[in-house]
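What follows is upload_6.cif (mmCIF, C-alpha atoms).
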```cif
data_start
#
loop_
_atom_site.label_atom_id
_atom_site.label_comp_id
_atom_site.auth_asym_id
_atom_site.auth_seq_id
_atom_site.Cartn_x
_atom_site.Cartn_y
_atom_site.Cartn_z
CA MET A 691 -219.31 -38.89 -43.18
CA GLN A 692 -219.78 -37.89 -39.56
CA ARG A 693 -223.09 -38.95 -37.99
CA ALA A 694 -224.41 -38.70 -34.43
CA VAL A 695 -224.88 -41.80 -32.27
CA VAL A 696 -228.55 -42.13 -31.30
CA SER A 697 -228.59 -45.55 -29.59
CA PHE A 698 -226.85 -48.87 -29.07
CA TYR A 699 -227.96 -52.42 -29.73
CA GLN A 700 -226.50 -55.92 -29.67
CA ASP A 701 -226.34 -57.97 -32.86
CA GLU A 702 -227.20 -61.66 -33.13
CA GLU A 703 -223.76 -62.56 -31.70
CA ASP A 704 -224.18 -60.12 -28.77
CA HIS A 705 -221.61 -57.67 -30.15
CA TRP A 706 -222.37 -54.01 -29.44
CA ALA A 707 -223.16 -51.64 -32.29
CA THR A 708 -224.34 -48.06 -32.61
CA ARG A 709 -227.43 -46.87 -34.39
CA LEU A 710 -226.48 -43.64 -36.14
CA GLU A 711 -228.76 -40.73 -36.99
CA CYS A 712 -228.72 -41.83 -40.65
CA GLY A 713 -230.18 -45.20 -39.66
CA HIS A 714 -227.02 -47.19 -40.30
CA GLY A 715 -225.32 -49.34 -37.69
CA GLN A 716 -221.65 -49.45 -36.77
CA HIS A 717 -220.01 -52.10 -34.57
CA VAL A 718 -218.12 -50.81 -31.54
CA ARG A 719 -216.47 -53.94 -30.20
CA HIS A 720 -214.22 -54.12 -27.18
CA ASP A 721 -211.71 -56.72 -28.40
CA PRO A 722 -208.38 -56.21 -26.64
CA PRO A 723 -205.57 -55.99 -27.51
CA TRP A 724 -206.64 -55.05 -31.05
CA THR A 725 -209.51 -52.73 -30.19
CA VAL A 726 -209.84 -51.23 -26.72
CA ARG A 727 -213.25 -49.71 -26.06
CA GLU A 728 -213.86 -50.49 -22.40
CA TRP A 729 -216.70 -47.93 -22.31
CA VAL A 730 -218.88 -50.13 -24.53
CA VAL A 731 -219.28 -52.86 -21.89
CA THR A 732 -221.16 -50.66 -19.38
CA ASP A 733 -224.52 -48.91 -19.54
CA GLU A 734 -222.90 -45.71 -18.30
CA GLY A 735 -220.14 -45.85 -20.91
CA ARG A 736 -222.60 -46.30 -23.76
CA ALA A 737 -224.94 -43.59 -22.43
CA ALA A 738 -222.03 -41.13 -22.34
CA ARG A 739 -221.50 -41.67 -26.10
CA ILE A 740 -225.06 -40.82 -27.15
CA GLY A 741 -224.83 -37.71 -29.34
CA SER A 742 -221.14 -38.18 -30.10
CA MET A 743 -220.05 -38.24 -33.72
CA MET A 744 -218.79 -41.32 -35.58
CA GLU A 745 -217.69 -41.91 -39.12
CA CYS A 746 -220.40 -43.75 -41.09
CA LYS A 747 -218.69 -45.92 -43.67
CA ARG A 748 -221.95 -46.80 -45.39
CA CYS A 749 -222.84 -43.12 -45.93
CA ASP A 750 -219.35 -42.58 -47.36
CA GLU A 751 -219.84 -45.52 -49.75
CA GLU A 752 -223.28 -44.30 -50.82
CA ALA A 753 -221.90 -40.80 -51.55
CA GLU A 754 -219.34 -42.16 -54.03
#
```
Structure rendered as structure tokens:
Amino acid sequence: MQRAVVSFYQDEEDHWATRLECGHGQHVRHDPPWTVREWVVTDEGRAARIGSMMECKRCDEEAE
């Protein structure tokens, strides 16, 4: 289910995650070469993603 990104936070291991409009969180790690999300390591990159849509896996699971 698509949900808007409302903010970002770091978990207990300092990995970046989004807070989605539904209240769920979703990790957005930059872990090359497997996952390349260079934008997540800068304030500007994260700010540019506020309001963008992401798939919320937890909402999908709850809908089943």
Shell of 7 Å around segment 716-733 of chain A, only C-alpha atoms, local chain residues under 6 positions omitted, as a list of chain:residue names: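 The contact residues come out as A:His705, A:Trp706, A:Ala707, A:Thr708, A:Arg709.
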Please return the centre and edge lengths, in Å to one decimal, of a box with edges along x, y and z that contains all listed atoms of segment 705-715 of chain A, widened by 3 Å on every side, as JSON.
```
{"center_x": -225.9, "center_y": -49.2, "center_z": -35.0, "size_x": 14.6, "size_y": 22.9, "size_z": 17.2}
```
Selected residue, from A:Glu734, A:Gly713, A:Gln692, A:Phe698, that lies nearest to Cys746 of chain A when counting only C-alpha atoms: A:Gln692
Straight-line distance linking atom CA of Asp750 of chain A with atom CA of Met691 of chain A, stated in Å to one decimal: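 Taking atom CA of Asp750 of chain A and atom CA of Met691 of chain A, their separation equals 5.6 Å.
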So which residues touch Ser742 of chain A within 9 Å, counting all atoms listed in the file, skipping near sequence neighbours fewer than 6 positions away, as a CSV table (one decimal) with C-alpha atoms, keeping the file's coordinate frame?
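What landed in part.csv:
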```
chain,number,residue,atom,x,y,z
A,693,ARG,CA,-223.1,-39.0,-38.0
A,694,ALA,CA,-224.4,-38.7,-34.4
A,695,VAL,CA,-224.9,-41.8,-32.3
A,696,VAL,CA,-228.6,-42.1,-31.3
```
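Proximity of A:Gly741, A:Arg748, A:Tyr699, A:Arg736 to Glu711 of chain A, computed with all atoms listed in the file, is greatest for A:Gly741.
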Point-to-point distance in Å for atom CA of Gly715 of chain A and atom CA of Ile740 of chain A: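 The value is 13.6 Å.
Interatomic distance, atom CA of Ala737 of chain A to atom CA of Glu751 of chain A: 27.9 Å.
Considering only C-alpha atoms, the residue among A:Met744, A:Cys749, A:Gln700, A:Gly735 positioned nearest to His714 of chain A is A:Cys749.
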